[in-house]
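Structure data follow from model-v9.cif (mmCIF, C-alpha atoms):
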data_input
#
loop_
_atom_site.group_PDB
_atom_site.id
_atom_site.type_symbol
_atom_site.label_atom_id
_atom_site.label_comp_id
_atom_site.auth_asym_id
_atom_site.auth_seq_id
_atom_site.Cartn_x
_atom_site.Cartn_y
_atom_site.Cartn_z
ATOM 1 C CA MET L 29 -6.365 47.795 6.575
ATOM 2 C CA LEU L 30 -3.948 50.519 7.514
ATOM 3 C CA GLY L 31 -0.650 51.302 5.854
ATOM 4 C CA ILE L 32 2.357 52.812 7.607
ATOM 5 C CA ALA L 33 1.528 56.225 6.116
ATOM 6 C CA ALA L 34 -1.931 56.109 7.671
ATOM 7 C CA LEU L 35 -0.632 55.134 11.113
ATOM 8 C CA ALA L 36 -0.053 58.769 12.128
ATOM 9 C CA LEU L 37 -3.568 59.781 11.136
ATOM 10 C CA THR L 38 -5.092 56.805 12.921
ATOM 11 C CA THR L 39 -3.097 57.533 16.063
ATOM 12 C CA THR L 40 -4.373 61.116 15.994
ATOM 13 C CA VAL L 41 -7.983 60.061 15.365
ATOM 14 C CA ALA L 42 -7.813 57.479 18.141
ATOM 15 C CA SER L 43 -6.408 59.994 20.621
ATOM 16 C CA SER L 44 -9.702 60.111 22.500
ATOM 17 C CA VAL L 45 -8.948 56.585 23.731
ATOM 18 C CA THR L 46 -6.706 56.500 26.779
ATOM 19 C CA PRO L 47 -3.340 54.813 26.131
ATOM 20 C CA ALA L 48 -3.825 52.320 28.953
ATOM 21 C CA ASN L 49 -6.866 50.921 27.157
ATOM 22 C CA ALA L 50 -5.667 51.194 23.554
ATOM 23 C CA THR L 51 -4.236 48.251 21.652
ATOM 24 C CA MET L 52 -2.594 48.098 18.239
ATOM 25 C CA ARG L 53 -2.998 44.663 16.624
ATOM 26 C CA ILE L 54 -0.371 43.861 13.979
ATOM 27 C CA ALA L 55 -1.213 41.039 11.588
ATOM 28 C CA GLU L 56 0.079 40.010 8.173
ATOM 29 C CA ASP L 57 2.691 42.737 7.948
ATOM 30 C CA ARG L 58 5.265 41.924 5.262
ATOM 31 C CA GLY L 59 7.566 44.810 6.155
ATOM 32 C CA GLY L 60 8.931 47.611 4.021
ATOM 33 C CA GLN L 61 11.374 50.461 4.288
ATOM 34 C CA ILE L 62 13.113 50.676 7.649
ATOM 35 C CA GLY L 63 12.623 54.448 7.908
ATOM 36 C CA HIS L 64 8.849 54.153 7.704
ATOM 37 C CA TYR L 65 8.830 51.636 10.544
ATOM 38 C CA LEU L 66 11.184 53.738 12.674
ATOM 39 C CA GLN L 67 8.758 56.658 12.404
ATOM 40 C CA ALA L 68 5.605 54.636 12.909
ATOM 41 C CA PHE L 69 6.922 52.696 15.899
ATOM 42 C CA ALA L 70 8.350 55.865 17.497
ATOM 43 C CA MET L 71 4.852 57.363 17.361
ATOM 44 C CA LEU L 72 3.336 54.151 18.676
ATOM 45 C CA ARG L 73 5.885 54.023 21.514
ATOM 46 C CA SER L 74 5.074 57.578 22.607
ATOM 47 C CA SER L 75 1.313 56.920 22.367
ATOM 48 C CA GLY L 76 1.499 54.458 25.249
ATOM 49 C CA GLU L 77 -0.517 51.867 23.321
ATOM 50 C CA ASN L 78 -0.015 48.153 23.785
ATOM 51 C CA VAL L 79 0.849 46.004 20.778
ATOM 52 C CA VAL L 80 -0.520 42.558 19.954
ATOM 53 C CA ILE L 81 1.282 40.557 17.282
ATOM 54 C CA ASP L 82 -1.388 38.324 15.742
ATOM 55 C CA GLY L 83 0.046 36.825 12.566
ATOM 56 C CA ASN L 84 3.081 37.540 10.409
ATOM 57 C CA CYS L 85 5.370 40.405 11.419
ATOM 58 C CA LEU L 86 8.112 40.177 8.832
ATOM 59 C CA SER L 87 11.193 42.126 7.841
ATOM 60 C CA ALA L 88 11.141 45.746 9.127
ATOM 61 C CA CYS L 89 8.019 44.972 11.177
ATOM 62 C CA THR L 90 10.285 43.006 13.544
ATOM 63 C CA LEU L 91 11.701 46.340 14.716
ATOM 64 C CA VAL L 92 8.692 46.394 17.056
ATOM 65 C CA LEU L 93 10.734 44.076 19.290
ATOM 66 C CA GLY L 94 13.350 46.771 19.887
ATOM 67 C CA LEU L 95 11.356 49.972 19.549
ATOM 68 C CA ILE L 96 8.305 49.279 21.727
ATOM 69 C CA PRO L 97 8.890 48.501 25.416
ATOM 70 C CA LYS L 98 8.783 44.749 26.025
ATOM 71 C CA SER L 99 6.116 45.232 28.695
ATOM 72 C CA ARG L 100 3.728 46.593 26.049
ATOM 73 C CA VAL L 101 4.137 43.851 23.400
ATOM 74 C CA CYS L 102 2.570 40.404 23.385
ATOM 75 C CA ALA L 103 2.065 37.708 20.774
ATOM 76 C CA THR L 104 -0.856 35.389 20.084
ATOM 77 C CA SER L 105 -0.459 31.755 19.103
ATOM 78 C CA ARG L 106 -0.658 32.895 15.450
ATOM 79 C CA ALA L 107 2.310 35.280 15.764
ATOM 80 C CA ARG L 108 5.368 34.737 13.607
ATOM 81 C CA PHE L 109 8.385 37.023 13.216
ATOM 82 C CA GLY L 110 10.468 36.840 10.041
ATOM 83 C CA PHE L 111 14.034 38.181 9.976
ATOM 84 C CA HIS L 112 16.392 38.754 7.058
ATOM 85 C CA ALA L 113 19.147 41.144 6.000
ATOM 86 C CA ALA L 114 18.044 44.551 4.757
ATOM 87 C CA TRP L 115 18.085 45.113 1.029
ATOM 88 C CA MET L 116 17.566 47.790 -1.552
ATOM 89 C CA PRO L 117 17.085 47.713 -5.314
ATOM 90 C CA ASP L 118 20.043 48.088 -7.636
ATOM 91 C CA ILE L 119 19.850 50.237 -10.747
ATOM 92 C CA ASP L 120 17.878 47.500 -12.526
ATOM 93 C CA GLY L 121 15.494 47.021 -9.590
ATOM 94 C CA ARG L 122 17.050 43.746 -8.404
ATOM 95 C CA PRO L 123 17.502 43.390 -4.644
ATOM 96 C CA ILE L 124 20.994 43.778 -3.215
ATOM 97 C CA THR L 125 21.928 43.411 0.445
ATOM 98 C CA SER L 126 22.337 46.686 2.315
ATOM 99 C CA SER L 127 25.038 46.396 4.968
ATOM 100 C CA MET L 128 24.068 49.782 6.416
ATOM 101 C CA GLY L 129 20.386 48.792 6.640
ATOM 102 C CA THR L 130 21.255 45.412 8.126
ATOM 103 C CA GLU L 131 23.460 47.096 10.731
ATOM 104 C CA ALA L 132 20.593 49.461 11.594
ATOM 105 C CA LEU L 133 18.259 46.506 12.155
ATOM 106 C CA TRP L 134 20.876 44.718 14.243
ATOM 107 C CA ASN L 135 21.516 47.740 16.451
ATOM 108 C CA ILE L 136 17.802 48.021 17.324
ATOM 109 C CA TYR L 137 17.125 44.384 18.171
ATOM 110 C CA PRO L 138 17.319 43.414 21.881
ATOM 111 C CA ALA L 139 20.122 41.055 22.956
ATOM 112 C CA LYS L 140 17.805 38.011 23.217
ATOM 113 C CA VAL L 141 16.599 38.558 19.645
ATOM 114 C CA LYS L 142 20.199 38.895 18.414
ATOM 115 C CA ARG L 143 21.156 35.634 20.152
ATOM 116 C CA TRP L 144 18.178 33.853 18.573
ATOM 117 C CA ILE L 145 19.076 35.211 15.129
ATOM 118 C CA ASN L 146 22.706 34.121 15.527
ATOM 119 C CA ARG L 147 21.632 30.607 16.585
ATOM 120 C CA HIS L 148 19.522 30.380 13.417
ATOM 121 C CA GLY L 149 22.126 31.474 10.877
ATOM 122 C CA GLY L 150 22.234 35.256 11.250
ATOM 123 C CA LEU L 151 20.716 37.922 9.034
ATOM 124 C CA SER L 152 21.046 36.925 5.397
ATOM 125 C CA ARG L 153 18.918 37.019 2.254
ATOM 126 C CA LYS L 154 17.086 33.958 3.561
ATOM 127 C CA MET L 155 14.130 34.664 5.872
ATOM 128 C CA ILE L 156 14.285 32.920 9.235
ATOM 129 C CA TYR L 157 11.117 32.574 11.296
ATOM 130 C CA MET L 158 10.596 32.853 15.035
ATOM 131 C CA GLN L 159 7.332 31.453 16.334
ATOM 132 C CA GLY L 160 5.858 29.340 19.101
ATOM 133 C CA ARG L 161 8.293 28.307 21.830
ATOM 134 C CA ASP L 162 11.131 30.280 20.239
ATOM 135 C CA MET L 163 9.392 33.463 21.401
ATOM 136 C CA GLN L 164 9.498 32.512 25.105
ATOM 137 C CA GLY L 165 11.525 35.087 27.007
ATOM 138 C CA ILE L 166 11.517 37.433 24.008
ATOM 139 C CA VAL L 167 7.866 38.452 23.730
ATOM 140 C CA ALA L 168 5.039 37.781 26.182
ATOM 141 C CA ASP L 169 2.177 35.433 25.337
ATOM 142 C CA CYS L 170 -1.031 37.474 25.063
ATOM 143 C CA GLY L 171 -3.102 34.552 26.396
ATOM 144 C CA ALA L 172 -5.149 35.594 29.419
ATOM 145 C CA THR L 173 -4.200 39.268 29.035
ATOM 146 C CA THR L 174 -5.986 39.433 25.672
ATOM 147 C CA ARG L 175 -9.036 37.566 26.968
ATOM 148 C CA ARG L 176 -9.356 39.962 29.914
ATOM 149 C CA ALA L 177 -8.969 42.986 27.629
ATOM 150 C CA ASN L 178 -11.716 41.700 25.321
ATOM 151 C CA ASN L 179 -14.175 42.002 28.216
ATOM 152 C CA ASN L 180 -13.284 45.681 28.744
ATOM 153 C CA PRO L 181 -15.834 47.853 26.878
ATOM 154 C CA ALA L 182 -13.570 50.947 27.029
ATOM 155 C CA ARG L 183 -10.760 49.188 25.171
ATOM 156 C CA SER L 184 -9.844 50.244 21.654
ATOM 157 C CA ASP L 185 -8.539 47.585 19.293
ATOM 158 C CA ARG L 186 -6.964 48.967 16.136
ATOM 159 C CA ARG L 187 -5.808 46.585 13.458
ATOM 160 C CA TYR L 188 -2.633 47.339 11.594
ATOM 161 C CA SER L 189 -1.544 45.599 8.473
ATOM 162 C CA SER L 190 0.752 47.169 5.944
ATOM 163 C CA ARG L 191 0.905 46.331 2.303
ATOM 164 C CA PRO L 192 4.219 45.393 0.708
ATOM 165 C CA VAL L 193 6.421 48.162 -0.618
ATOM 166 C CA ARG L 194 6.998 48.272 -4.365
ATOM 167 C CA TYR L 195 10.310 49.829 -5.308
ATOM 168 C CA THR L 196 9.968 52.010 -8.389
ATOM 169 C CA SER L 197 13.482 53.344 -8.915
ATOM 170 C CA ALA L 198 17.069 52.948 -7.831
ATOM 171 C CA SER L 199 16.503 55.777 -5.363
ATOM 172 C CA ALA L 200 14.551 53.294 -3.208
ATOM 173 C CA ALA L 201 11.370 55.338 -3.408
ATOM 174 C CA SER L 202 8.328 53.372 -2.434
ATOM 175 C CA ASP L 203 4.766 53.306 -3.544
ATOM 176 C CA ARG L 204 2.188 51.884 -1.212
ATOM 177 C CA ARG L 205 -0.864 50.294 -2.823
#
Here is the file; what I need is its structure written in the form of structure tokens.
Amino acid sequence: MLGIAALALTTTVASSVTPANATMRIAEDRGGQIGHYLQAFAMLRSSGENVVIDGNCLSACTLVLGLIPKSRVCATSRARFGFHAAWMPDIDGRPITSSMGTEALWNIYPAKVKRWINRHGGLSRKMIYMQGRDMQGIVADCGATTRRANNNPARSDRRYSSRPVRYTSASAASDRR
């Protein structure tokens, strides 16, 4: 499994694969610090790779919906996006809502995602999940596209799954396991 920090190295190592054939598969990503995802998805966007969401894409992982062109993202039947307000640890390590972080998330999401979030209670401490039919018009169904790609021997399929971030101090430093 790859962490966000290893995404840059993996992208470099996989550079011998042409972007049109490369696919990043995101599964069981619980999110983490927004800044890490902004960097990782900016690199992924410029790589030209396609993205398959194949499981949980929670918290900051949902930024993929606004940072990667819609034409390059699809979701399998197992895909599930989880949205909530951004947070950071207080001096005692307890989570507190970050209005600046939440605004950053909001500003990146496409209009259709924002409308869906608003219809389901908005961004709060409670996680809201988008899956199945709720994704129609927001993210393409991989369906036949994925099956056709699986028959292409030149295709690269990289799996991406980050581990949760553990906050170690009030400075919001993170330590990936």
Worksheet item: Any idea what the distance is between atom CA of Arg108 of chain L and atom CA of Tyr157 of chain L?
Response: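 That distance, rounded to one decimal, is 6.6 Å.
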Discussion item. Residues within 12 Å of Met163 of chain L, please, as an MDAnalysis selection string. Count only C-alpha atoms; anything in the same chain fewer than 4 positions from it doesn't count.
Written reply: chainID L and resid 81 93 101:110 140:141 144:145 157:159 167:170
Worksheet item: Looking at only C-alpha atoms, which of L:Gln61, L:Thr51, L:Ser99, L:Thr90 is the one that sits closest to Glu77 of chain L?
Response: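 With only C-alpha atoms as the atom set, the closest residue is L:Thr51.
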Worksheet item: What is the distance, in Å and to one decimal place, between atom CA of Ala70 of chain L and atom CA of Leu95 of chain L?
Response: 6.9 Å
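For the atom pair formed by atom CA of His148 of chain L and atom CA of Gly59 of chain L, the distance is 20.1 Å, given to one decimal.
Residues having any atom no farther than 10 Å from (24.3, 40.7, 9.6) (counting all atoms listed in the file) are His112, Ala113, Ala114, Thr125, Ser126, Ser127, Met128, Gly129, Thr130, Glu131, Ala132, Leu133, Trp134, Lys142, Ile145, Asn146, Gly149, Gly150, Leu151, Ser152 and Arg153 of chain L.
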Worksheet item: From the list L:Met155, L:Leu91, L:Met116, L:Ile124, which residue is nearest Pro138 of chain L when using only C-alpha atoms?
Response: L:Leu91
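With all atoms listed in the file as the atoms that count, the residue of L:Gly121, L:Gly76, L:Gln67, L:Asn135 with the shortest distance to Gly94 of chain L is L:Asn135.
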Extending 6 Å beyond the listed atoms of segment 87-91 of chain L on each side, what axis-aligned box results? I want centre and edge lengths in Å to one decimal, as AutoDock Vina command-line options.
--center_x 9.9 --center_y 44.2 --center_z 11.3 --size_x 15.7 --size_y 16.2 --size_z 18.9
